[in-house]
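Reproduced below: model.pdb, with PDB, C-alpha atoms and all ligand atoms.
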ATOM      1  CA  MET A   1      -0.737  15.714 -28.214  1.00  0.00           C
ATOM      2  CA  ILE A   2       1.190  15.930 -24.972  1.00  0.00           C
ATOM      3  CA  GLU A   3       4.876  15.126 -25.277  1.00  0.00           C
ATOM      4  CA  TYR A   4       6.993  14.159 -22.276  1.00  0.00           C
ATOM      5  CA  LYS A   5      10.744  14.505 -22.238  1.00  0.00           C
ATOM      6  CA  ARG A   6      13.852  14.921 -20.161  1.00  0.00           C
ATOM      7  CA  THR A   7      15.492  18.274 -20.287  1.00  0.00           C
ATOM      8  CA  ALA A   8      18.519  20.001 -18.850  1.00  0.00           C
ATOM      9  CA  LYS A   9      19.365  22.941 -16.648  1.00  0.00           C
ATOM     10  CA  GLN A  10      19.737  25.301 -19.618  1.00  0.00           C
ATOM     11  CA  ASP A  11      15.935  25.190 -19.872  1.00  0.00           C
ATOM     12  CA  LEU A  12      15.551  26.443 -16.305  1.00  0.00           C
ATOM     13  CA  PRO A  13      14.589  30.024 -17.300  1.00  0.00           C
ATOM     14  CA  LYS A  14      11.401  28.886 -19.062  1.00  0.00           C
ATOM     15  CA  ILE A  15      10.676  26.264 -16.386  1.00  0.00           C
ATOM     16  CA  VAL A  16      11.032  28.872 -13.655  1.00  0.00           C
ATOM     17  CA  ALA A  17       8.765  31.252 -15.584  1.00  0.00           C
ATOM     18  CA  LEU A  18       6.080  28.528 -15.751  1.00  0.00           C
ATOM     19  CA  ASN A  19       6.536  27.595 -12.099  1.00  0.00           C
ATOM     20  CA  ARG A  20       6.231  31.193 -10.990  1.00  0.00           C
ATOM     21  CA  LYS A  21       2.715  31.138 -12.500  1.00  0.00           C
ATOM     22  CA  ILE A  22       1.868  27.684 -11.126  1.00  0.00           C
ATOM     23  CA  PHE A  23       3.015  28.413  -7.569  1.00  0.00           C
ATOM     24  CA  PHE A  24       1.993  32.098  -7.414  1.00  0.00           C
ATOM     25  CA  GLY A  25      -0.108  32.727  -4.291  1.00  0.00           C
ATOM     26  CA  MET A  26       0.149  29.166  -2.994  1.00  0.00           C
ATOM     27  CA  TYR A  27       2.636  29.800  -0.226  1.00  0.00           C
ATOM     28  CA  SER A  28       3.339  32.720   2.063  1.00  0.00           C
ATOM     29  CA  ARG A  29       6.635  33.261   0.290  1.00  0.00           C
ATOM     30  CA  GLU A  30       7.172  34.154  -3.358  1.00  0.00           C
ATOM     31  CA  PRO A  31       7.787  31.309  -5.789  1.00  0.00           C
ATOM     32  CA  TYR A  32      11.490  30.579  -6.139  1.00  0.00           C
ATOM     33  CA  SER A  33      13.519  32.784  -8.467  1.00  0.00           C
ATOM     34  CA  LEU A  34      15.846  31.463 -11.161  1.00  0.00           C
ATOM     35  CA  GLU A  35      18.791  32.166  -8.849  1.00  0.00           C
ATOM     36  CA  GLU A  36      17.194  30.074  -6.099  1.00  0.00           C
ATOM     37  CA  TYR A  37      16.657  27.169  -8.490  1.00  0.00           C
ATOM     38  CA  GLN A  38      20.246  27.448  -9.682  1.00  0.00           C
ATOM     39  CA  ALA A  39      21.562  27.569  -6.123  1.00  0.00           C
ATOM     40  CA  ARG A  40      19.518  24.528  -5.011  1.00  0.00           C
ATOM     41  CA  LEU A  41      20.512  22.518  -8.052  1.00  0.00           C
ATOM     42  CA  SER A  42      24.182  23.511  -8.088  1.00  0.00           C
ATOM     43  CA  SER A  43      25.280  20.740  -5.735  1.00  0.00           C
ATOM     44  CA  VAL A  44      23.041  17.890  -6.911  1.00  0.00           C
ATOM     45  CA  SER A  45      22.654  15.790 -10.009  1.00  0.00           C
ATOM     46  CA  SER A  46      19.097  16.636 -10.969  1.00  0.00           C
ATOM     47  CA  MET A  47      16.663  15.163 -13.437  1.00  0.00           C
ATOM     48  CA  ILE A  48      14.124  17.456 -15.040  1.00  0.00           C
ATOM     49  CA  PHE A  49      11.107  16.062 -16.828  1.00  0.00           C
ATOM     50  CA  VAL A  50       8.743  18.294 -18.752  1.00  0.00           C
ATOM     51  CA  ALA A  51       5.465  18.004 -20.604  1.00  0.00           C
ATOM     52  CA  GLU A  52       4.836  20.057 -23.711  1.00  0.00           C
ATOM     53  CA  GLU A  53       1.852  20.559 -25.929  1.00  0.00           C
ATOM     54  CA  ASN A  54       2.479  22.031 -29.383  1.00  0.00           C
ATOM     55  CA  SER A  55       6.020  22.839 -28.186  1.00  0.00           C
ATOM     56  CA  GLU A  56       4.628  24.867 -25.291  1.00  0.00           C
ATOM     57  CA  LEU A  57       5.887  23.973 -21.828  1.00  0.00           C
ATOM     58  CA  ILE A  58       2.909  22.993 -19.665  1.00  0.00           C
ATOM     59  CA  ALA A  59       4.338  20.995 -16.735  1.00  0.00           C
ATOM     60  CA  ASP A  60       7.572  19.973 -15.092  1.00  0.00           C
ATOM     61  CA  SER A  61       9.153  17.995 -12.316  1.00  0.00           C
ATOM     62  CA  ILE A  62      12.609  18.445 -10.846  1.00  0.00           C
ATOM     63  CA  ALA A  63      14.120  15.695  -8.734  1.00  0.00           C
ATOM     64  CA  PHE A  64      17.452  14.543  -7.358  1.00  0.00           C
ATOM     65  CA  GLU A  65      18.953  12.147  -4.868  1.00  0.00           C
ATOM     66  CA  LYS A  66      18.588  13.220  -1.261  1.00  0.00           C
ATOM     67  CA  ASP A  67      19.492  11.151   1.806  1.00  0.00           C
ATOM     68  CA  GLY A  68      19.671   8.001  -0.300  1.00  0.00           C
ATOM     69  CA  ALA A  69      16.206   8.409  -1.854  1.00  0.00           C
ATOM     70  CA  TRP A  70      14.910   9.921  -5.090  1.00  0.00           C
ATOM     71  CA  TYR A  71      13.435  13.234  -3.999  1.00  0.00           C
ATOM     72  CA  ILE A  72      10.839  15.039  -6.110  1.00  0.00           C
ATOM     73  CA  TRP A  73      11.564  18.654  -5.236  1.00  0.00           C
ATOM     74  CA  ILE A  74       9.263  20.449  -7.706  1.00  0.00           C
ATOM     75  CA  LEU A  75       6.148  19.259  -9.501  1.00  0.00           C
ATOM     76  CA  GLY A  76       3.672  21.507 -11.249  1.00  0.00           C
ATOM     77  CA  VAL A  77       1.154  21.559 -14.049  1.00  0.00           C
ATOM     78  CA  HIS A  78      -0.190  24.698 -15.742  1.00  0.00           C
ATOM     79  CA  THR A  79      -3.756  25.453 -14.590  1.00  0.00           C
ATOM     80  CA  ASP A  80      -5.153  25.070 -18.129  1.00  0.00           C
ATOM     81  CA  HIS A  81      -3.888  21.491 -18.354  1.00  0.00           C
ATOM     82  CA  ARG A  82      -4.881  19.916 -15.055  1.00  0.00           C
ATOM     83  CA  ARG A  83      -6.827  16.685 -14.512  1.00  0.00           C
ATOM     84  CA  LYS A  84      -5.463  15.139 -17.705  1.00  0.00           C
ATOM     85  CA  GLY A  85      -3.093  12.763 -15.915  1.00  0.00           C
ATOM     86  CA  ILE A  86       0.024  14.862 -16.541  1.00  0.00           C
ATOM     87  CA  ALA A  87       1.264  14.927 -12.943  1.00  0.00           C
ATOM     88  CA  ASP A  88       0.513  11.246 -12.652  1.00  0.00           C
ATOM     89  CA  HIS A  89       2.707  10.630 -15.699  1.00  0.00           C
ATOM     90  CA  LEU A  90       5.509  12.792 -14.261  1.00  0.00           C
ATOM     91  CA  PHE A  91       5.371  10.756 -11.053  1.00  0.00           C
ATOM     92  CA  GLU A  92       5.603   7.592 -13.117  1.00  0.00           C
ATOM     93  CA  MET A  93       8.612   8.922 -15.045  1.00  0.00           C
ATOM     94  CA  ASN A  94      10.380   9.770 -11.800  1.00  0.00           C
ATOM     95  CA  GLU A  95       9.620   6.396 -10.261  1.00  0.00           C
ATOM     96  CA  SER A  96      10.857   4.498 -13.267  1.00  0.00           C
ATOM     97  CA  TYR A  97      13.968   6.698 -13.595  1.00  0.00           C
ATOM     98  CA  ALA A  98      14.715   6.221  -9.895  1.00  0.00           C
ATOM     99  CA  LYS A  99      14.273   2.466 -10.095  1.00  0.00           C
ATOM    100  CA  SER A 100      16.473   2.133 -13.154  1.00  0.00           C
ATOM    101  CA  HIS A 101      19.163   4.197 -11.416  1.00  0.00           C
ATOM    102  CA  GLY A 102      19.318   1.976  -8.356  1.00  0.00           C
ATOM    103  CA  HIS A 103      17.071   3.892  -5.974  1.00  0.00           C
ATOM    104  CA  SER A 104      14.632   1.961  -3.850  1.00  0.00           C
ATOM    105  CA  LYS A 105      12.516   4.841  -2.630  1.00  0.00           C
ATOM    106  CA  VAL A 106      10.858   8.029  -3.944  1.00  0.00           C
ATOM    107  CA  VAL A 107      10.114  10.827  -1.491  1.00  0.00           C
ATOM    108  CA  ILE A 108       8.120  14.032  -1.790  1.00  0.00           C
ATOM    109  CA  LYS A 109       7.351  16.786   0.704  1.00  0.00           C
ATOM    110  CA  ILE A 110       3.806  18.030   0.227  1.00  0.00           C
ATOM    111  CA  TYR A 111       2.509  21.194   1.858  1.00  0.00           C
ATOM    112  CA  ALA A 112      -1.059  21.093   3.170  1.00  0.00           C
ATOM    113  CA  VAL A 113      -2.053  23.685   0.582  1.00  0.00           C
ATOM    114  CA  SER A 114      -1.504  21.058  -2.107  1.00  0.00           C
ATOM    115  CA  SER A 115      -4.276  18.643  -1.264  1.00  0.00           C
ATOM    116  CA  ALA A 116      -4.313  17.639  -4.951  1.00  0.00           C
ATOM    117  CA  THR A 117      -0.773  16.270  -4.640  1.00  0.00           C
ATOM    118  CA  GLN A 118      -1.728  14.480  -1.431  1.00  0.00           C
ATOM    119  CA  GLU A 119      -4.599  12.811  -3.292  1.00  0.00           C
ATOM    120  CA  LEU A 120      -2.380  11.918  -6.193  1.00  0.00           C
ATOM    121  CA  ALA A 121       0.431  10.524  -4.036  1.00  0.00           C
ATOM    122  CA  ALA A 122      -2.006   8.464  -1.964  1.00  0.00           C
ATOM    123  CA  LYS A 123      -3.560   7.090  -5.145  1.00  0.00           C
ATOM    124  CA  ARG A 124      -0.094   6.065  -6.339  1.00  0.00           C
ATOM    125  CA  GLY A 125       0.531   4.201  -3.090  1.00  0.00           C
ATOM    126  CA  TYR A 126       2.747   6.700  -1.252  1.00  0.00           C
ATOM    127  CA  CYS A 127       2.657   6.490   2.551  1.00  0.00           C
ATOM    128  CA  THR A 128       3.022   9.370   4.963  1.00  0.00           C
ATOM    129  CA  VAL A 129       6.166   9.017   7.049  1.00  0.00           C
ATOM    130  CA  GLU A 130       6.374  12.448   8.664  1.00  0.00           C
ATOM    131  CA  THR A 131       4.209  15.480   9.321  1.00  0.00           C
ATOM    132  CA  GLY A 132       5.318  18.870  10.523  1.00  0.00           C
ATOM    133  CA  GLY A 133       5.097  22.647  10.250  1.00  0.00           C
ATOM    134  CA  GLU A 134       2.608  25.143  11.560  1.00  0.00           C
ATOM    135  CA  LYS A 135      -0.432  26.842   9.989  1.00  0.00           C
ATOM    136  CA  ASP A 136       0.167  27.413   6.251  1.00  0.00           C
ATOM    137  CA  GLU A 137       3.588  25.750   6.519  1.00  0.00           C
ATOM    138  CA  LYS A 138       2.082  22.383   7.473  1.00  0.00           C
ATOM    139  CA  PHE A 139       3.518  19.553   5.422  1.00  0.00           C
ATOM    140  CA  LEU A 140       3.623  15.809   4.919  1.00  0.00           C
ATOM    141  CA  ILE A 141       6.567  13.766   3.791  1.00  0.00           C
ATOM    142  CA  VAL A 142       5.403  10.789   1.776  1.00  0.00           C
ATOM    143  CA  GLU A 143       7.375   7.945   0.298  1.00  0.00           C
ATOM    144  CA  LEU A 144       6.996   5.030  -2.055  1.00  0.00           C
ATOM    145  CA  PHE A 145       9.203   1.937  -2.027  1.00  0.00           C
ATOM    146  CA  LEU A 146       9.974   0.859  -5.584  1.00  0.00           C
TER     147      LEU A 146
HETATM  148  C1  LIG B 201      -1.059  18.902  -7.999  1.00  0.00           C
HETATM  149  C2  LIG B 201      -0.910  18.969  -9.502  1.00  0.00           C
HETATM  150  C3  LIG B 201       0.545  18.786  -9.856  1.00  0.00           C
HETATM  151  C4  LIG B 201      -1.765  17.839 -10.129  1.00  0.00           C
HETATM  152  O1  LIG B 201      -1.555  17.865 -11.537  1.00  0.00           O
HETATM  153  P1  LIG B 201      -2.572  17.198 -12.581  1.00  0.00           P
HETATM  154  O2  LIG B 201      -1.831  16.958 -13.832  1.00  0.00           O
HETATM  155  O3  LIG B 201      -3.800  18.010 -12.637  1.00  0.00           O
HETATM  156  O4  LIG B 201      -2.910  15.820 -11.846  1.00  0.00           O
HETATM  157  P2  LIG B 201      -3.434  14.495 -12.558  1.00  0.00           P
HETATM  158  O5  LIG B 201      -4.363  14.845 -13.668  1.00  0.00           O
HETATM  159  O6  LIG B 201      -2.262  13.653 -12.919  1.00  0.00           O
HETATM  160  O7  LIG B 201      -4.265  13.833 -11.374  1.00  0.00           O
HETATM  161  C5  LIG B 201      -4.120  12.488 -11.040  1.00  0.00           C
HETATM  162  C6  LIG B 201      -4.967  12.216  -9.803  1.00  0.00           C
HETATM  163  O8  LIG B 201      -4.552  13.051  -8.719  1.00  0.00           O
HETATM  164  C7  LIG B 201      -5.702  13.477  -7.956  1.00  0.00           C
HETATM  165  N1  LIG B 201      -5.917  14.921  -8.131  1.00  0.00           N
HETATM  166  C8  LIG B 201      -5.324  15.746  -9.029  1.00  0.00           C
HETATM  167  N2  LIG B 201      -5.771  17.005  -8.873  1.00  0.00           N
HETATM  168  C9  LIG B 201      -6.672  16.978  -7.872  1.00  0.00           C
HETATM  169  C10 LIG B 201      -7.480  17.953  -7.249  1.00  0.00           C
HETATM  170  N3  LIG B 201      -7.457  19.237  -7.630  1.00  0.00           N
HETATM  171  N4  LIG B 201      -8.263  17.580  -6.213  1.00  0.00           N
HETATM  172  C11 LIG B 201      -8.315  16.295  -5.818  1.00  0.00           C
HETATM  173  N5  LIG B 201      -7.574  15.291  -6.378  1.00  0.00           N
HETATM  174  C12 LIG B 201      -6.771  15.636  -7.391  1.00  0.00           C
HETATM  175  C13 LIG B 201      -6.855  12.717  -8.536  1.00  0.00           C
HETATM  176  O9  LIG B 201      -6.928  11.486  -7.862  1.00  0.00           O
HETATM  177  C14 LIG B 201      -6.416  12.536  -9.975  1.00  0.00           C
HETATM  178  O10 LIG B 201      -7.030  11.463 -10.614  1.00  0.00           O
HETATM  179  P3  LIG B 201      -8.431  11.730 -11.393  1.00  0.00           P
HETATM  180  O11 LIG B 201      -8.248  12.940 -12.252  1.00  0.00           O
HETATM  181  O12 LIG B 201      -8.595  10.460 -12.169  1.00  0.00           O
HETATM  182  O13 LIG B 201      -9.449  11.939 -10.334  1.00  0.00           O
HETATM  183  C15 LIG B 201      -1.455  20.325 -10.046  1.00  0.00           C
HETATM  184  O14 LIG B 201      -2.752  20.535  -9.519  1.00  0.00           O
HETATM  185  C16 LIG B 201      -0.561  21.501  -9.673  1.00  0.00           C
HETATM  186  O15 LIG B 201       0.383  21.805 -10.404  1.00  0.00           O
HETATM  187  N6  LIG B 201      -0.901  22.168  -8.554  1.00  0.00           N
HETATM  188  C17 LIG B 201      -0.146  23.329  -8.108  1.00  0.00           C
HETATM  189  C18 LIG B 201       1.291  23.014  -7.769  1.00  0.00           C
HETATM  190  C19 LIG B 201       1.439  21.950  -6.700  1.00  0.00           C
HETATM  191  O16 LIG B 201       0.639  21.828  -5.792  1.00  0.00           O
HETATM  192  N7  LIG B 201       2.508  21.200  -6.841  1.00  0.00           N
HETATM  193  C20 LIG B 201       2.864  20.152  -5.920  1.00  0.00           C
HETATM  194  C21 LIG B 201       3.718  20.665  -4.829  1.00  0.00           C
HETATM  195  S1  LIG B 201       4.184  19.344  -3.742  1.00  0.00           S
END

Same coordinates, now as structure tokens:
Amino acid sequence: MIEYKRTAKQDLPKIVALNRKIFFGMYSREPYSLEEYQARLSSVSSMIFVAEENSELIADSIAFEKDGAWYIWILGVHTDHRRKGIADHLFEMNESYAKSHGHSKVVIKIYAVSSATQELAAKRGYCTVETGGEKDEKFLIVELFL
């Protein structure tokens, strides 16, 4: 059974280890290191949601407030566990957390390489509000009003 829960920054080492596998080869740069996660999260109040199966970490999302919106910074699901609705559930957890904490909008930046996330966000009703970048850095910014 898949279990979803909130976790804290002390779990970052295992989350980063999972994300290094999930994001390996997706972008022209290396997946973020633990130090990069710690640096990005040092000045924000983040919320980390994870999914586990048999106590094994299989997916995570990391989000925080940015420019007045709830910003999903990281979202990934282990390759062996895709198309089971896990990312969809993590989106839902973020949206409901954001709403209950007074936010009216959820935002995510999606690089063109992640067409799966584009599909998922569109299915959840997110609208594209900005596009940018060149070649493999092309991205969309999508948002959902809560
Ligand atoms: C994108 C990602 C998070 C999706 O995770 P997931 O748990 O497999 O997604 P879900 O099972 O919740 O999918 C929900 C819906 O999203 C869409 N979707 C998900 N993966 C898709 C794919 N590979 N191609 C097309 N649509 C897809 C579908 O509409 C799907 O519904 P369906 O399965 O009923 O057709 C996962 O593929 C991943 O971790 N990719 C690499 C990292 C990444 O791109 N992160 C996002 C950075 S912005």

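Interatomic distance, atom O5 of ligand LIG 201 (chain B) against atom CA of A:Leu12: 23.2 Å.
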
Do you have, as a tab-separated table, the list of residues of chain A lying at most 6 Å from ligand LIG 201 (chain B), each with its nearest atom pair and that distance in Å to one decimal, counting only C-alpha atoms and all ligand atoms and ordered by chain then number?
residue	atom	partner	partner_atom	distance
A:Ile22	CA	B:LIG201	C17	5.7
A:Phe23	CA	B:LIG201	C18	5.7
A:Leu75	CA	B:LIG201	N7	4.9
A:Gly76	CA	B:LIG201	O15	3.4
A:Val77	CA	B:LIG201	O15	3.7
A:Arg82	CA	B:LIG201	O3	3.3
A:Arg83	CA	B:LIG201	O5	3.2
A:Lys84	CA	B:LIG201	O5	4.2
A:Gly85	CA	B:LIG201	O6	3.2
A:Ile86	CA	B:LIG201	O2	3.9
A:Ala87	CA	B:LIG201	O6	3.7
A:Asp88	CA	B:LIG201	O6	3.7
A:Ile110	CA	B:LIG201	S1	4.2
A:Ser114	CA	B:LIG201	O16	4.3
A:Ala116	CA	B:LIG201	C9	3.8
A:Thr117	CA	B:LIG201	C1	4.3
A:Glu119	CA	B:LIG201	C7	4.8
A:Leu120	CA	B:LIG201	O8	3.5

Residues within 7 Å of A:Ile62, please, as a PDB file with C-alpha atoms, keeping the file's coordinate frame. Count only C-alpha atoms; anything in the same chain fewer than 6 positions from it doesn't count.
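Result went into result-v5.pdb, see below:
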ATOM      1  CA  SER A  46      19.097  16.636 -10.969  1.00  0.00           C
ATOM      2  CA  MET A  47      16.663  15.163 -13.437  1.00  0.00           C
ATOM      3  CA  ILE A  48      14.124  17.456 -15.040  1.00  0.00           C
ATOM      4  CA  PHE A  49      11.107  16.062 -16.828  1.00  0.00           C
ATOM      5  CA  ILE A  72      10.839  15.039  -6.110  1.00  0.00           C
ATOM      6  CA  TRP A  73      11.564  18.654  -5.236  1.00  0.00           C
ATOM      7  CA  ILE A  74       9.263  20.449  -7.706  1.00  0.00           C
ATOM      8  CA  LEU A  75       6.148  19.259  -9.501  1.00  0.00           C
TER       9      LEU A  75
END

Just checking: using all atoms listed in the file, which residue out of A:His81, A:Val50, A:Ser28, A:Lys5 ends up closest to A:Lys138?
A:Ser28

Tell me which of A:Asp60, A:Ala8, A:Lys66, A:Tyr97 sits closest to A:Gln38, counting all atoms listed in the file.
A:Ala8

List the residues sitting within 10 Å of (6.6, 19.1, 7.0) in the file's frame, using all atoms listed in the file, as a PyMOL selection string.
chain A and resi 109-112+130-134+137-142

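Here atom CA of A:Arg20 is placed at a distance of 27.2 Å from atom CA of A:Asp67.
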
At a cut-off of 10 Å from (0.2, 22.0, -23.0) in the coordinates of the file, what residues are picked up using all atoms listed in the file, written as a count of residues only?
19

Picked residues, the PyMOL selection byres (((chain A and resi 107) around 12) and not hetatm), as a ChimeraX atom specification
/A:63-74,91,94-95,98,103-106,108-110,121,125-130,140-146

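Our summary of the geometry notes that atom CA of A:Glu92 is positioned 19.6 Å from atom CA of A:Ile15.
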
Edge lengths and centre in Å, axis-aligned, stretch 104-115 of chain A plus 3 Å each side, as JSON:
{"center_x": 5.2, "center_y": 12.8, "center_z": -0.4, "size_x": 24.9, "size_y": 27.7, "size_z": 13.1}

As a PDB file, in the coordinates of the input, the rebuilt stretch 122-140 of chain A with N, CA and C atoms:
ATOM      1  N   ALA A 122      -1.329   9.576  -2.651  1.00  0.00           N
ATOM      2  CA  ALA A 122      -2.006   8.464  -1.964  1.00  0.00           C
ATOM      3  C   ALA A 122      -2.503   7.447  -2.989  1.00  0.00           C
ATOM      4  N   LYS A 123      -3.051   7.973  -4.088  1.00  0.00           N
ATOM      5  CA  LYS A 123      -3.560   7.090  -5.145  1.00  0.00           C
ATOM      6  C   LYS A 123      -2.440   6.238  -5.741  1.00  0.00           C
ATOM      7  N   ARG A 124      -1.227   6.801  -5.783  1.00  0.00           N
ATOM      8  CA  ARG A 124      -0.094   6.065  -6.339  1.00  0.00           C
ATOM      9  C   ARG A 124       0.556   5.149  -5.300  1.00  0.00           C
ATOM     10  N   GLY A 125       0.033   5.137  -4.093  1.00  0.00           N
ATOM     11  CA  GLY A 125       0.531   4.201  -3.090  1.00  0.00           C
ATOM     12  C   GLY A 125       1.570   4.768  -2.138  1.00  0.00           C
ATOM     13  N   TYR A 126       1.780   6.091  -2.181  1.00  0.00           N
ATOM     14  CA  TYR A 126       2.747   6.700  -1.252  1.00  0.00           C
ATOM     15  C   TYR A 126       2.179   6.682   0.164  1.00  0.00           C
ATOM     16  N   CYS A 127       3.062   6.495   1.142  1.00  0.00           N
ATOM     17  CA  CYS A 127       2.657   6.490   2.551  1.00  0.00           C
ATOM     18  C   CYS A 127       3.269   7.688   3.257  1.00  0.00           C
ATOM     19  N   THR A 128       2.508   8.237   4.183  1.00  0.00           N
ATOM     20  CA  THR A 128       3.022   9.370   4.963  1.00  0.00           C
ATOM     21  C   THR A 128       3.986   8.856   6.015  1.00  0.00           C
ATOM     22  N   VAL A 129       5.190   9.458   6.057  1.00  0.00           N
ATOM     23  CA  VAL A 129       6.166   9.017   7.049  1.00  0.00           C
ATOM     24  C   VAL A 129       6.499  10.124   8.051  1.00  0.00           C
ATOM     25  N   GLU A 130       6.080  11.342   7.743  1.00  0.00           N
ATOM     26  CA  GLU A 130       6.374  12.448   8.664  1.00  0.00           C
ATOM     27  C   GLU A 130       5.379  13.567   8.406  1.00  0.00           C
ATOM     28  N   THR A 131       5.006  14.261   9.476  1.00  0.00           N
ATOM     29  CA  THR A 131       4.209  15.480   9.321  1.00  0.00           C
ATOM     30  C   THR A 131       4.891  16.563  10.129  1.00  0.00           C
ATOM     31  N   GLY A 132       4.678  17.803   9.758  1.00  0.00           N
ATOM     32  CA  GLY A 132       5.318  18.870  10.523  1.00  0.00           C
ATOM     33  C   GLY A 132       4.805  20.227  10.086  1.00  0.00           C
ATOM     34  N   GLY A 133       5.442  21.273  10.618  1.00  0.00           N
ATOM     35  CA  GLY A 133       5.097  22.647  10.250  1.00  0.00           C
ATOM     36  C   GLY A 133       3.883  23.171  10.988  1.00  0.00           C
ATOM     37  N   GLU A 134       3.712  24.461  10.884  1.00  0.00           N
ATOM     38  CA  GLU A 134       2.608  25.143  11.560  1.00  0.00           C
ATOM     39  C   GLU A 134       1.780  25.911  10.546  1.00  0.00           C
ATOM     40  N   LYS A 135       0.495  26.040  10.805  1.00  0.00           N
ATOM     41  CA  LYS A 135      -0.432  26.842   9.989  1.00  0.00           C
ATOM     42  C   LYS A 135      -0.231  26.568   8.502  1.00  0.00           C
ATOM     43  N   ASP A 136       0.062  27.646   7.699  1.00  0.00           N
ATOM     44  CA  ASP A 136       0.167  27.413   6.251  1.00  0.00           C
ATOM     45  C   ASP A 136       1.496  26.786   5.836  1.00  0.00           C
ATOM     46  N   GLU A 137       2.318  26.445   6.820  1.00  0.00           N
ATOM     47  CA  GLU A 137       3.588  25.750   6.519  1.00  0.00           C
ATOM     48  C   GLU A 137       3.472  24.247   6.813  1.00  0.00           C
ATOM     49  N   LYS A 138       2.263  23.820   7.145  1.00  0.00           N
ATOM     50  CA  LYS A 138       2.082  22.383   7.473  1.00  0.00           C
ATOM     51  C   LYS A 138       2.440  21.517   6.269  1.00  0.00           C
ATOM     52  N   PHE A 139       3.121  20.421   6.530  1.00  0.00           N
ATOM     53  CA  PHE A 139       3.518  19.553   5.422  1.00  0.00           C
ATOM     54  C   PHE A 139       3.458  18.082   5.814  1.00  0.00           C
ATOM     55  N   LEU A 140       3.488  17.264   4.763  1.00  0.00           N
ATOM     56  CA  LEU A 140       3.623  15.809   4.919  1.00  0.00           C
ATOM     57  C   LEU A 140       4.848  15.397   4.135  1.00  0.00           C
TER      58      LEU A 140
END
